[in-house]
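The block underneath contains the structure these notes are about, expressed in structure tokens.
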Amino acid sequence: MGKFYFQWHITNKCNNRCSHCYQDDYSQIEVSMDMVDNILDDIKKFCEVIECEPKIGFVGGDPFRHSRFKEILEKSRMVSNDINILGNPEVLLDNPSIIDYLKKIGINSYQLSLDGLKDTHDSIRYRGSYDKTLKAIQLLSENGINVAVMSTVTTNNYKEMKEVMDVAYSKGAMCWTFSRCVTDNKSLLIDTKEYMRFLEDIVRKHKYYENLGKQPLVKEPLLSLVYKKLGYKNIQVWG
């Protein structure tokens, strides 16, 4: 049976202020518990109709900044066996008991962002964020929780991505992937020809990790053109 992925923005609250963030409102807005019950009921009914399993990914803001996130997780776990969190590292390091809680709930993965090497990543967030992220990746991995690492690619960091890939996997990431920055700030957008060269370099580099059992890169739709050019077969990409 296939899966249908629901990415669920449950709060605007966040303790990071990433320079490329699409969000410009960090107020106390968060989804109500009545709405949570309604949405989960809709997810369950929808997946019954189309005969698939629901996969839920919690985003924000930082999902753990929602005042009742644990309750939301527990309710969601009754609807889906595939729960994923796209969050920040701070809550994991400030409150280590969260790790035990995530293991008890049985989440499928925890996604963290790594947007460059130390100086670059910290310039996007804050000084010290890079070290905290690496510690969180390693902590999750050592405790048997799958870690996905996501990089948002801009003109400021794309030349560091091959090294970022190495760092992510060296700390225990289950997978590393990337996404182009979506913004109206043209200074952050990579030239089209340069971006295609970047994709080819990344695919060639990542092949080493695929040979070690890591999953192929699939998030960027333009990868389909690169895979075809390089002769890679039977890899389906998605956006």
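Residues in the structure tokens are named by chain (A, B, ... in the order shown) and by number from 1 within that chain; ligands are numbered from 1 in the order shown.
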- Skip Lys205 (chain A) itself and residues of its chain fewer than 3 positions away, then list as an MDAnalysis selection string all residues within 12 Å of it, counting only C-alpha atoms. chainID A and resid 161:166 198:202 208:211 216:217
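Shell of Asn88 (chain A) at 8 Å, with only C-alpha atoms counted and residues fewer than 4 places along the chain excluded, is Asp62, Leu112, Ser113 and Thr133 of chain A.
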- For Asp82 (chain A), which residue out of A:Ile190, A:Ile107, A:Leu102, A:Cys181 is the nearest one, using only C-alpha atoms?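 Distance minimum relative to Asp82 (chain A) lands on A:Ile107.
The space separating CA of Met150 (chain A) from CA of Ser97 (chain A) comes to 24.2 Å.
For region 40-96 of chain A, backbone-based DSSP assignment of strand (DSSP E or B) covers A:Glu53, A:Pro54, A:Lys55, A:Ile56, A:Gly57, A:Phe58, A:Val59, A:Asp82, A:Ile83, A:Asn84, A:Ile85, A:Leu86.
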Take the residues just selected and output them with N, CA and C atoms as an mmCIF file, in the first residue's frame.
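Output (part.cif):
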data_model
loop_
_atom_site.group_PDB
_atom_site.id
_atom_site.type_symbol
_atom_site.label_atom_id
_atom_site.label_comp_id
_atom_site.auth_asym_id
_atom_site.auth_seq_id
_atom_site.Cartn_x
_atom_site.Cartn_y
_atom_site.Cartn_z
ATOM 1 N N GLU A 53 -1.649 4.787 3.129
ATOM 2 C CA GLU A 53 -1.280 5.041 4.514
ATOM 3 C C GLU A 53 -0.816 6.487 4.674
ATOM 4 N N PRO A 54 -1.232 7.163 5.741
ATOM 5 C CA PRO A 54 -0.795 8.541 5.938
ATOM 6 C C PRO A 54 0.616 8.623 6.510
ATOM 7 N N LYS A 55 1.387 9.550 5.969
ATOM 8 C CA LYS A 55 2.704 9.896 6.500
ATOM 9 C C LYS A 55 2.635 11.366 6.894
ATOM 10 N N ILE A 56 2.967 11.683 8.151
ATOM 11 C CA ILE A 56 2.797 13.039 8.652
ATOM 12 C C ILE A 56 4.149 13.625 9.041
ATOM 13 N N GLY A 57 4.433 14.821 8.526
ATOM 14 C CA GLY A 57 5.643 15.538 8.886
ATOM 15 C C GLY A 57 5.295 16.853 9.556
ATOM 16 N N PHE A 58 5.742 17.046 10.781
ATOM 17 C CA PHE A 58 5.437 18.258 11.537
ATOM 18 C C PHE A 58 6.502 19.319 11.308
ATOM 19 N N VAL A 59 6.033 20.523 10.930
ATOM 20 C CA VAL A 59 6.944 21.637 10.687
ATOM 21 C C VAL A 59 6.422 22.873 11.404
ATOM 22 N N ASP A 82 3.841 6.536 10.564
ATOM 23 C CA ASP A 82 4.997 7.193 9.955
ATOM 24 C C ASP A 82 4.962 8.670 10.326
ATOM 25 N N ILE A 83 5.551 8.988 11.477
ATOM 26 C CA ILE A 83 5.563 10.349 12.011
ATOM 27 C C ILE A 83 6.971 10.913 11.906
ATOM 28 N N ASN A 84 7.085 12.131 11.356
ATOM 29 C CA ASN A 84 8.380 12.769 11.154
ATOM 30 C C ASN A 84 8.349 14.194 11.680
ATOM 31 N N ILE A 85 9.463 14.628 12.228
ATOM 32 C CA ILE A 85 9.562 15.975 12.785
ATOM 33 C C ILE A 85 10.656 16.735 12.046
ATOM 34 N N LEU A 86 10.316 17.938 11.584
ATOM 35 C CA LEU A 86 11.288 18.822 10.946
ATOM 36 C C LEU A 86 11.514 19.968 11.914
#
- Message: Given only C-alpha atoms as the basis, pick out the residue of A:Thr155, A:Arg197, A:Ile145, A:Tyr169 nearest to Asn185 (chain A).
- Response: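 Smallest separation from Asn185 (chain A) among the options: A:Thr155.
Using only C-alpha atoms, the smallest distance between any of A:Arg127, A:Asp122, A:Ile235, A:Gly116 and Tyr158 (chain A) comes from A:Gly116.
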- Message: Using only C-alpha atoms for the distances, tell me which of A:Thr177, A:Ser76, A:Asn15, A:Thr120 is nearest to Phe64 (chain A).
- Response: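 Using only C-alpha atoms, Phe64 (chain A) sits closest to A:Asn15.
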- Query: What is the CA of Lys193 (chain A)-CA of Ser224 (chain A) distance in Å, reported with one decimal?
  - Reply: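 Taking CA of Lys193 (chain A) as the start and CA of Ser224 (chain A) as the end point, the length is 15.7 Å.
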- Judged by only C-alpha atoms, the minimum distance to Ile124 (chain A) among A:Ser170, A:Ser67, A:Gln138, A:Asn157 is found for A:Asn157
- Nearest candidate to Leu40 (chain A) (options A:Lys104, A:Arg77, A:Lys135, A:Lys214; using only C-alpha atoms):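 Between A:Lys104, A:Arg77, A:Lys135, A:Lys214, the residue approaching Leu40 (chain A) most closely is A:Arg77.
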- Message: Taking 4 positions as the minimum chain separation for residues in the same chain, which residues sit within 12 Å of Glu74 (chain A) when counting only C-alpha atoms? Answer as a VMD selection string.
- Response: chain A and resid 36 to 37 40 68 to 70 78 to 81 83 101 to 102 104 to 107
